[in-house]
$ cat protein_20.pdb   # PDB, C-alpha atoms, pLDDT in the B column
ATOM      1  CA  MET A 265     132.731  77.900  88.100  1.00 91.00           C
ATOM      2  CA  ASN A 266     134.998  79.872  85.838  1.00 92.00           C
ATOM      3  CA  ILE A 267     137.623  82.470  86.594  1.00 94.00           C
ATOM      4  CA  SER A 268     139.325  84.643  84.024  1.00 94.00           C
ATOM      5  CA  THR A 269     141.745  87.506  84.358  1.00 93.00           C
ATOM      6  CA  ARG A 270     142.084  90.806  82.542  1.00 94.00           C
ATOM      7  CA  ARG A 271     145.002  93.133  83.010  1.00 90.00           C
ATOM      8  CA  ASN A 272     145.718  96.649  81.999  1.00 86.00           C
ATOM      9  CA  ASP A 273     148.212  99.199  83.169  1.00 80.00           C
ATOM     10  CA  LYS A 274     147.827  99.118  86.895  1.00 89.00           C
ATOM     11  CA  THR A 275     144.655  97.119  87.293  1.00 93.00           C
ATOM     12  CA  THR A 276     143.897  93.417  87.383  1.00 94.00           C
ATOM     13  CA  ILE A 277     140.285  92.358  86.935  1.00 95.00           C
ATOM     14  CA  PHE A 278     138.990  88.915  87.860  1.00 96.00           C
ATOM     15  CA  ASP A 279     135.745  87.797  86.238  1.00 97.00           C
ATOM     16  CA  LEU A 280     134.141  85.069  88.321  1.00 97.00           C
ATOM     17  CA  SER A 281     131.116  83.123  87.175  1.00 97.00           C
ATOM     18  CA  GLY A 282     129.001  80.183  88.241  1.00 96.00           C
ATOM     19  CA  ASP A 283     128.896  78.590  91.676  1.00 96.00           C
ATOM     20  CA  ILE A 284     131.726  79.236  94.138  1.00 97.00           C
ATOM     21  CA  ASP A 285     131.546  76.646  96.884  1.00 96.00           C
ATOM     22  CA  PHE A 286     133.761  74.405  98.978  1.00 96.00           C
ATOM     23  CA  ALA A 287     134.554  72.303  95.901  1.00 95.00           C
ATOM     24  CA  ASN A 288     136.239  75.126  94.000  1.00 95.00           C
ATOM     25  CA  SER A 289     136.891  78.032  96.381  1.00 96.00           C
ATOM     26  CA  PRO A 290     140.511  76.807  96.925  1.00 95.00           C
ATOM     27  CA  HIS A 291     141.057  77.329  93.191  1.00 95.00           C
ATOM     28  CA  VAL A 292     139.603  80.848  93.428  1.00 95.00           C
ATOM     29  CA  ARG A 293     141.774  81.596  96.433  1.00 95.00           C
ATOM     30  CA  ASP A 294     144.973  80.278  94.812  1.00 95.00           C
ATOM     31  CA  SER A 295     144.306  82.083  91.516  1.00 93.00           C
ATOM     32  CA  VAL A 296     143.568  85.409  93.184  1.00 93.00           C
ATOM     33  CA  LEU A 297     146.515  85.241  95.579  1.00 94.00           C
ATOM     34  CA  LEU A 298     148.948  84.195  92.840  1.00 92.00           C
ATOM     35  CA  GLU A 299     147.853  87.025  90.589  1.00 90.00           C
ATOM     36  CA  ILE A 300     147.958  89.609  93.361  1.00 91.00           C
ATOM     37  CA  ARG A 301     151.469  88.611  94.385  1.00 90.00           C
ATOM     38  CA  GLU A 302     152.835  88.283  90.847  1.00 89.00           C
ATOM     39  CA  SER A 303     151.197  91.190  89.056  1.00 85.00           C
ATOM     40  CA  ARG A 304     151.690  93.668  91.892  1.00 85.00           C
ATOM     41  CA  ALA A 305     148.819  95.672  90.408  1.00 88.00           C
ATOM     42  CA  SER A 306     147.928  98.799  92.343  1.00 90.00           C
ATOM     43  CA  ARG A 307     144.243  97.928  91.988  1.00 94.00           C
ATOM     44  CA  VAL A 308     142.626  94.483  92.018  1.00 94.00           C
ATOM     45  CA  MET A 309     138.975  94.270  90.984  1.00 96.00           C
ATOM     46  CA  VAL A 310     136.648  91.267  91.206  1.00 97.00           C
ATOM     47  CA  ASN A 311     133.581  91.044  88.983  1.00 98.00           C
ATOM     48  CA  LEU A 312     130.835  89.100  90.786  1.00 98.00           C
ATOM     49  CA  SER A 313     127.988  89.857  88.376  1.00 97.00           C
ATOM     50  CA  GLN A 314     127.868  86.307  86.994  1.00 97.00           C
ATOM     51  CA  VAL A 315     128.230  84.503  90.313  1.00 97.00           C
ATOM     52  CA  ARG A 316     125.163  82.345  90.777  1.00 96.00           C
ATOM     53  CA  TYR A 317     126.093  81.083  94.233  1.00 97.00           C
ATOM     54  CA  ILE A 318     128.871  81.747  96.732  1.00 97.00           C
ATOM     55  CA  ASP A 319     129.307  80.101 100.114  1.00 96.00           C
ATOM     56  CA  SER A 320     131.293  81.092 103.185  1.00 95.00           C
ATOM     57  CA  SER A 321     134.460  79.458 101.844  1.00 96.00           C
ATOM     58  CA  GLY A 322     134.159  81.611  98.726  1.00 96.00           C
ATOM     59  CA  VAL A 323     133.742  84.719 100.846  1.00 97.00           C
ATOM     60  CA  ALA A 324     136.789  83.645 102.864  1.00 96.00           C
ATOM     61  CA  SER A 325     138.771  83.492  99.616  1.00 97.00           C
ATOM     62  CA  LEU A 326     137.778  87.090  98.873  1.00 97.00           C
ATOM     63  CA  VAL A 327     138.811  88.139 102.374  1.00 97.00           C
ATOM     64  CA  GLU A 328     142.203  86.535 101.805  1.00 96.00           C
ATOM     65  CA  GLY A 329     142.528  88.452  98.553  1.00 96.00           C
ATOM     66  CA  LEU A 330     141.688  91.659 100.401  1.00 96.00           C
ATOM     67  CA  LYS A 331     144.299  90.943 103.035  1.00 96.00           C
ATOM     68  CA  ALA A 332     146.985  90.059 100.487  1.00 95.00           C
ATOM     69  CA  SER A 333     146.233  93.256  98.556  1.00 94.00           C
ATOM     70  CA  ARG A 334     146.465  95.370 101.667  1.00 94.00           C
ATOM     71  CA  ASP A 335     149.747  93.737 102.583  1.00 94.00           C
ATOM     72  CA  LEU A 336     151.114  94.813  99.200  1.00 92.00           C
ATOM     73  CA  GLY A 337     149.611  98.279  99.381  1.00 92.00           C
ATOM     74  CA  SER A 338     147.049  97.761  96.621  1.00 93.00           C
ATOM     75  CA  ARG A 339     143.278  98.238  96.556  1.00 95.00           C
ATOM     76  CA  PHE A 340     140.914  95.263  96.423  1.00 96.00           C
ATOM     77  CA  ILE A 341     137.536  96.120  94.909  1.00 97.00           C
ATOM     78  CA  LEU A 342     134.347  94.127  94.336  1.00 98.00           C
ATOM     79  CA  PHE A 343     131.855  95.212  91.702  1.00 98.00           C
ATOM     80  CA  GLY A 344     128.636  94.073  90.029  1.00 97.00           C
ATOM     81  CA  LEU A 345     127.519  91.965  92.966  1.00 97.00           C
ATOM     82  CA  SER A 346     124.898  89.410  91.950  1.00 97.00           C
ATOM     83  CA  MET A 347     121.939  88.900  94.255  1.00 94.00           C
ATOM     84  CA  ALA A 348     123.525  85.740  95.649  1.00 94.00           C
ATOM     85  CA  ALA A 349     126.856  87.425  96.328  1.00 96.00           C
ATOM     86  CA  ARG A 350     125.253  90.489  97.898  1.00 96.00           C
ATOM     87  CA  GLU A 351     123.055  88.397 100.204  1.00 95.00           C
ATOM     88  CA  VAL A 352     125.951  86.350 101.538  1.00 95.00           C
ATOM     89  CA  LEU A 353     128.189  89.386 102.049  1.00 96.00           C
ATOM     90  CA  GLN A 354     125.368  91.128 103.902  1.00 95.00           C
ATOM     91  CA  LEU A 355     124.571  88.081 106.023  1.00 92.00           C
ATOM     92  CA  SER A 356     128.211  87.701 106.995  1.00 92.00           C
ATOM     93  CA  ARG A 357     128.398  91.457 107.573  1.00 92.00           C
ATOM     94  CA  LEU A 358     131.524  91.594 105.460  1.00 94.00           C
ATOM     95  CA  ILE A 359     130.102  93.876 102.808  1.00 95.00           C
ATOM     96  CA  LYS A 360     131.320  96.879 104.779  1.00 94.00           C
ATOM     97  CA  VAL A 361     134.826  95.484 104.858  1.00 95.00           C
ATOM     98  CA  PHE A 362     135.145  95.609 101.079  1.00 97.00           C
ATOM     99  CA  GLU A 363     135.216  98.504  98.671  1.00 97.00           C
ATOM    100  CA  VAL A 364     132.116  97.807  96.554  1.00 97.00           C
ATOM    101  CA  TYR A 365     130.816  99.399  93.344  1.00 97.00           C
ATOM    102  CA  ASP A 366     127.805  98.661  91.197  1.00 97.00           C
ATOM    103  CA  THR A 367     129.581  98.644  87.851  1.00 97.00           C
ATOM    104  CA  GLU A 368     133.020  98.167  86.358  1.00 96.00           C
ATOM    105  CA  GLU A 369     132.964 101.724  85.091  1.00 94.00           C
ATOM    106  CA  GLN A 370     132.346 103.091  88.577  1.00 96.00           C
ATOM    107  CA  ALA A 371     135.072 100.893  89.984  1.00 95.00           C
ATOM    108  CA  MET A 372     137.535 102.003  87.312  1.00 92.00           C
ATOM    109  CA  ALA A 373     136.685 105.653  87.944  1.00 92.00           C
ATOM    110  CA  SER A 374     137.179 105.335  91.691  1.00 89.00           C
TER
ATOM    111  CA  MET B 252     115.654  60.968 101.206  1.00 91.00           C
ATOM    112  CA  LEU B 253     118.782  61.901  99.294  1.00 92.00           C
ATOM    113  CA  ALA B 254     122.019  60.009  99.853  1.00 94.00           C
ATOM    114  CA  LEU B 255     125.363  61.318  98.726  1.00 94.00           C
ATOM    115  CA  TYR B 256     129.052  60.950  99.407  1.00 94.00           C
ATOM    116  CA  SER B 257     131.155  63.549 101.135  1.00 95.00           C
ATOM    117  CA  ASN B 258     132.884  64.665  97.944  1.00 96.00           C
ATOM    118  CA  PRO B 259     132.369  68.453  97.628  1.00 96.00           C
ATOM    119  CA  LYS B 260     131.578  68.007  93.935  1.00 95.00           C
ATOM    120  CA  TRP B 261     128.137  66.789  95.018  1.00 96.00           C
ATOM    121  CA  LEU B 262     127.335  70.014  96.856  1.00 97.00           C
ATOM    122  CA  SER B 263     125.978  71.660  93.726  1.00 96.00           C
ATOM    123  CA  VAL B 264     123.709  68.667  93.122  1.00 96.00           C
ATOM    124  CA  ALA B 265     122.405  68.815  96.687  1.00 97.00           C
ATOM    125  CA  ARG B 266     121.807  72.581  96.373  1.00 97.00           C
ATOM    126  CA  ALA B 267     119.855  72.126  93.165  1.00 97.00           C
ATOM    127  CA  ALA B 268     117.682  69.436  94.742  1.00 97.00           C
ATOM    128  CA  VAL B 269     116.991  71.447  97.892  1.00 97.00           C
ATOM    129  CA  GLU B 270     116.212  74.654  96.031  1.00 96.00           C
ATOM    130  CA  ARG B 271     113.855  72.851  93.665  1.00 97.00           C
ATOM    131  CA  LEU B 272     112.141  71.083  96.553  1.00 96.00           C
ATOM    132  CA  ALA B 273     111.597  74.376  98.355  1.00 95.00           C
ATOM    133  CA  GLU B 274     110.181  75.887  95.152  1.00 95.00           C
ATOM    134  CA  VAL B 275     107.793  72.980  94.648  1.00 95.00           C
ATOM    135  CA  LEU B 276     106.625  73.295  98.250  1.00 93.00           C
ATOM    136  CA  GLY B 277     105.743  76.905  97.585  1.00 92.00           C
ATOM    137  CA  PHE B 278     108.367  78.815  99.532  1.00 93.00           C
ATOM    138  CA  PRO B 279     109.046  82.354  98.289  1.00 93.00           C
ATOM    139  CA  VAL B 280     112.155  82.727  96.134  1.00 93.00           C
ATOM    140  CA  GLU B 281     114.135  84.468  98.854  1.00 91.00           C
ATOM    141  CA  GLN B 282     113.369  81.713 101.362  1.00 92.00           C
ATOM    142  CA  CYS B 283     114.302  79.062  98.810  1.00 94.00           C
ATOM    143  CA  ARG B 284     117.739  80.666  98.554  1.00 94.00           C
ATOM    144  CA  SER B 285     118.035  80.908 102.343  1.00 93.00           C
ATOM    145  CA  ILE B 286     117.098  77.269 102.868  1.00 94.00           C
ATOM    146  CA  THR B 287     119.550  76.197 100.178  1.00 96.00           C
ATOM    147  CA  ARG B 288     122.364  78.261 101.715  1.00 95.00           C
ATOM    148  CA  ALA B 289     121.752  76.834 105.175  1.00 94.00           C
ATOM    149  CA  VAL B 290     121.772  73.237 103.942  1.00 96.00           C
ATOM    150  CA  ASP B 291     124.873  73.829 101.810  1.00 96.00           C
ATOM    151  CA  GLU B 292     126.782  75.305 104.749  1.00 95.00           C
ATOM    152  CA  ALA B 293     125.714  72.397 106.973  1.00 95.00           C
ATOM    153  CA  LEU B 294     126.840  69.862 104.358  1.00 96.00           C
ATOM    154  CA  THR B 295     130.161  71.669 103.991  1.00 96.00           C
ATOM    155  CA  ASN B 296     130.622  71.521 107.758  1.00 93.00           C
ATOM    156  CA  ILE B 297     130.009  67.765 107.672  1.00 95.00           C
ATOM    157  CA  VAL B 298     132.607  67.325 104.915  1.00 96.00           C
ATOM    158  CA  ARG B 299     135.176  69.534 106.654  1.00 94.00           C
ATOM    159  CA  HIS B 300     134.719  68.753 110.297  1.00 91.00           C
ATOM    160  CA  SER B 301     132.936  65.427 110.614  1.00 92.00           C
ATOM    161  CA  TYR B 302     134.780  63.694 107.788  1.00 95.00           C
ATOM    162  CA  SER B 303     138.004  65.760 107.695  1.00 94.00           C
ATOM    163  CA  ASN B 304     137.658  66.242 103.906  1.00 94.00           C
ATOM    164  CA  ARG B 305     137.475  62.535 103.120  1.00 95.00           C
ATOM    165  CA  LEU B 306     135.563  62.156  99.875  1.00 95.00           C
ATOM    166  CA  ASP B 307     133.858  58.779 100.201  1.00 94.00           C
ATOM    167  CA  GLN B 308     131.852  59.007 103.403  1.00 94.00           C
ATOM    168  CA  PRO B 309     128.048  58.752 103.537  1.00 95.00           C
ATOM    169  CA  ILE B 310     125.676  61.640 104.101  1.00 96.00           C
ATOM    170  CA  ALA B 311     121.914  61.198 104.170  1.00 95.00           C
ATOM    171  CA  MET B 312     119.507  64.085 103.744  1.00 95.00           C
ATOM    172  CA  HIS B 313     115.942  63.517 104.900  1.00 95.00           C
ATOM    173  CA  PHE B 314     113.127  65.913 104.086  1.00 95.00           C
ATOM    174  CA  ARG B 315     109.696  65.999 105.615  1.00 93.00           C
ATOM    175  CA  ARG B 316     106.762  68.332 105.150  1.00 91.00           C
ATOM    176  CA  ALA B 317     105.865  69.660 108.564  1.00 87.00           C
ATOM    177  CA  GLN B 318     103.220  71.832 110.075  1.00 84.00           C
ATOM    178  CA  ARG B 319     102.682  73.538 113.391  1.00 82.00           C
ATOM    179  CA  ARG B 320      99.940  75.525 115.023  1.00 85.00           C
ATOM    180  CA  ARG B 321     100.841  79.046 116.130  1.00 83.00           C
ATOM    181  CA  ASP B 322      98.378  81.709 117.257  1.00 87.00           C
ATOM    182  CA  GLY B 323      95.520  79.512 116.118  1.00 89.00           C
ATOM    183  CA  GLN B 324      96.935  79.277 112.604  1.00 89.00           C
ATOM    184  CA  VAL B 325      98.314  76.177 110.941  1.00 86.00           C
ATOM    185  CA  GLN B 326     101.698  76.982 109.439  1.00 83.00           C
ATOM    186  CA  LYS B 327     103.357  74.683 106.956  1.00 83.00           C
ATOM    187  CA  GLY B 328     107.089  74.191 106.828  1.00 88.00           C
ATOM    188  CA  LEU B 329     109.890  71.874 105.878  1.00 92.00           C
ATOM    189  CA  GLU B 330     111.964  69.740 108.220  1.00 92.00           C
ATOM    190  CA  ILE B 331     115.434  68.778 107.078  1.00 94.00           C
ATOM    191  CA  LEU B 332     117.552  66.146 108.770  1.00 93.00           C
ATOM    192  CA  LEU B 333     121.212  65.671 107.800  1.00 94.00           C
ATOM    193  CA  CYS B 334     122.895  62.478 108.989  1.00 93.00           C
ATOM    194  CA  ASP B 335     126.561  61.606 108.925  1.00 92.00           C
ATOM    195  CA  ARG B 336     128.651  58.854 110.460  1.00 92.00           C
ATOM    196  CA  GLY B 337     131.548  60.931 111.696  1.00 90.00           C
ATOM    197  CA  PRO B 338     133.072  60.609 115.153  1.00 87.00           C
ATOM    198  CA  ALA B 339     130.908  61.665 118.071  1.00 79.00           C
ATOM    199  CA  VAL B 340     131.530  65.130 119.488  1.00 73.00           C
ATOM    200  CA  ASP B 341     130.304  67.109 122.471  1.00 73.00           C
ATOM    201  CA  PRO B 342     126.976  68.709 121.439  1.00 68.00           C
ATOM    202  CA  SER B 343     127.463  71.541 123.945  1.00 70.00           C
ATOM    203  CA  LYS B 344     130.259  72.870 121.747  1.00 69.00           C
ATOM    204  CA  PHE B 345     127.744  73.523 118.990  1.00 62.00           C
ATOM    205  CA  GLN B 346     125.301  75.619 120.978  1.00 57.00           C
ATOM    206  CA  GLY B 347     124.055  78.470 118.844  1.00 55.00           C
ATOM    207  CA  ARG B 348     126.442  77.801 116.020  1.00 51.00           C
ATOM    208  CA  LEU B 349     124.707  75.370 113.708  1.00 50.00           C
ATOM    209  CA  SER B 350     124.323  77.296 110.446  1.00 49.00           C
ATOM    210  CA  LYS B 351     122.486  80.062 112.298  1.00 51.00           C
ATOM    211  CA  LYS B 352     124.321  82.735 110.359  1.00 51.00           C
ATOM    212  CA  TYR B 353     122.934  81.437 107.095  1.00 50.00           C
ATOM    213  CA  ALA B 354     119.531  80.272 108.278  1.00 53.00           C
ATOM    214  CA  PRO B 355     116.313  82.057 107.366  1.00 54.00           C
ATOM    215  CA  ALA B 356     114.930  84.427 109.982  1.00 55.00           C
ATOM    216  CA  ASP B 357     112.004  82.105 110.643  1.00 55.00           C
ATOM    217  CA  TRP B 358     114.194  79.021 110.876  1.00 56.00           C
ATOM    218  CA  ASP B 359     112.906  77.248 113.980  1.00 58.00           C
ATOM    219  CA  CYS B 360     115.873  75.363 115.279  1.00 57.00           C
ATOM    220  CA  THR B 361     118.940  73.392 114.541  1.00 59.00           C
ATOM    221  CA  SER B 362     119.889  70.452 116.683  1.00 61.00           C
ATOM    222  CA  PHE B 363     122.579  67.856 117.045  1.00 59.00           C
ATOM    223  CA  ASN B 364     121.703  64.233 117.686  1.00 60.00           C
ATOM    224  CA  ARG B 365     123.643  61.055 118.021  1.00 58.00           C
ATOM    225  CA  PRO B 366     123.759  58.237 117.304  1.00 53.00           C
ATOM    226  CA  TRP B 367     122.220  57.883 113.830  1.00 50.00           C
ATOM    227  CA  THR B 368     118.550  58.785 114.218  1.00 50.00           C
ATOM    228  CA  PRO B 369     116.381  58.278 111.166  1.00 48.00           C
ATOM    229  CA  TRP B 370     112.969  59.876 110.936  1.00 47.00           C
ATOM    230  CA  SER B 371     111.229  56.724 112.137  1.00 43.00           C
ATOM    231  CA  SER B 372     113.022  57.023 115.480  1.00 42.00           C
ATOM    232  CA  LEU B 373     112.562  60.778 115.741  1.00 43.00           C
ATOM    233  CA  ALA B 374     108.876  60.486 114.950  1.00 41.00           C
ATOM    234  CA  ARG B 375     108.447  58.128 117.861  1.00 38.00           C
ATOM    235  CA  GLY B 376     110.340  60.472 120.092  1.00 35.00           C
ATOM    236  CA  GLN B 377     113.150  58.024 120.704  1.00 30.00           C
TER
END
$ encode --input "protein_20.pdb" --output "structure tokens"
Amino acid sequence: MNISTRRNDKTTIFDLSGDIDFANSPHVRDSVLLEIRESRASRVMVNLSQVRYIDSSGVASLVEGLKASRDLGSRFILFGLSMAAREVLQLSRLIKVFEVYDTEEQAMAS
Amino acid sequence: MLALYSNPKWLSVARAAVERLAEVLGFPVEQCRSITRAVDEALTNIVRHSYSNRLDQPIAMHFRRAQRRRDGQVQKGLEILLCDRGPAVDPSKFQGRLSKKYAPADWDCTSFNRPWTPWSSLARGQ
């Protein structure tokens, strides 16, 4: 699993890749929460296009990111959902909780 | 049979093995992913709840090709048995909760047994 961060004016973008499971979801959670609280970006976007697998603990990390963003008055957006990510979010019925876009361009234009 | 320790770093290895097994047995790609997800979530539950995140506890995964007759047709499937040595709990607390959310739609059942019941015992109905 790899997580990298891009920042521009008012947006922070996380690029996640690989498998997000119980072994590394705490790292995802901590990285996302730290960035959200420190950058105070008005928009936080998570790129899931290269996520090969994500389990319920990974989804829980995203939910925590969403909550932290809302607490700070910023938007939390998912985009480029891989098949694996989309399936799990649909199964858990959390896909409707998130703001989701197909591409980074669509998310940036939103 | 696949034996592993309760360190979460082995989850990816277990997923790879289960997904490949399901592929070799001829399950459609979508079902392979569903089976893998269900087993991964069950293993994670063992690590978290049965072993309280201890890293060095044993988990055994048993796989058996199974078949059943339904509506006059023989249907082939896969039986998966996960065994841990965590403290005993009240099975009634698990009713309807065992990985159901992540199980395939045609997943027959999940069950909770104790004590340690290898296939040889289950096959004899003990």
$ closest_residue --input "protein_20.pdb" --among "A:Ser346, A:Val296, A:Phe340, A:Ala373" --to "Val361 of chain A" --atoms "all atoms listed in the file"
A:Phe340
$ interface_residues --input "protein_20.pdb" --of "chain B" --to "chain A" --cutoff "8 Å" --atoms "only C-alpha atoms" --output "PyMOL selection string"
chain B and resi 259-260+262-263+288+291-292+295+352-353
$ axis_aligned_box --input "protein_20.pdb" --around "segment 293-302 of chain A" --padding-each-side "3 Å" --output "JSON"
{"center_x": 147.3, "center_y": 84.9, "center_z": 93.5, "size_x": 17.1, "size_y": 15.3, "size_z": 11.8}
$ atom_distance --input "protein_20.pdb" --atom1 "atom CA of Ala349 of chain A" --atom2 "atom CA of Leu312 of chain A"
7.0 Å
$ atom_distance --input "protein_20.pdb" --atom1 "atom CA of Ile331 of chain B" --atom2 "atom CA of Ser281 of chain A"
29.1 Å
$ atom_distance --input "protein_20.pdb" --atom1 "atom CA of Thr276 of chain A" --atom2 "atom CA of Arg307 of chain A"
6.5 Å
$ residues_around --input "protein_20.pdb" --residues "segment 268-282 of chain B" --least-positions-apart "2" --cutoff "9 Å" --atoms "all atoms listed in the file" --output "PyMOL selection string"
chain B and resi 253+263-266+284-287+290+316+328-329+355
$ residues_around --input "protein_20.pdb" --residues "segment 365-368 of chain A" --least-positions-apart "2" --cutoff "8 Å" --atoms "only C-alpha atoms" --output "ChimeraX atom specification"
/A:311,341-345,363,370-372
$ residues_around --input "protein_20.pdb" --residues "Asp294 of chain A" --least-positions-apart "3" --cutoff "12 Å" --atoms "only C-alpha atoms" --output "PyMOL selection string"
chain A and resi 267+288-291+297-302+322+324-326+328-329+332
$ resolve_selection --input "protein_20.pdb" --expression "the PyMOL selection byres ((chain A and resi 278) around 7)" --output "list in words"
Ile267, Ser268, Thr269, Arg270, Thr276, Ile277, Asp279, Leu280, Met309, Val310 and Asn311 of chain A
$ residues_around --input "protein_20.pdb" --residues "segment 303-305 of chain B" --least-positions-apart "3" --cutoff "10 Å" --atoms "all atoms listed in the file" --output "list in words"
Tyr256, Ser257, Asn258, Pro259, Thr295, Asn296, Ile297, Val298, Arg299, His300, Gln308 and Gly337 of chain B
$ closest_residue --input "protein_20.pdb" --among "A:Lys331, A:Arg357, A:Arg350, A:Arg304" --to "Arg271 of chain A" --atoms "all atoms listed in the file"
A:Arg304
$ closest_residue --input "protein_20.pdb" --among "A:Asp273, A:Gln354, A:Ile359, A:Met347" --to "Gln314 of chain A" --atoms "all atoms listed in the file"
A:Met347
$ residues_around --input "protein_20.pdb" --residues "Asp335 of chain B" --least-positions-apart "3" --cutoff "8 Å" --atoms "only C-alpha atoms" --output "PyMOL selection string"
chain B and resi 297+301+309-311+367
$ closest_residue --input "protein_20.pdb" --among "A:Leu353, A:Leu358, A:Met265, A:Leu336" --to "Ser306 of chain A" --atoms "only C-alpha atoms"
A:Leu336
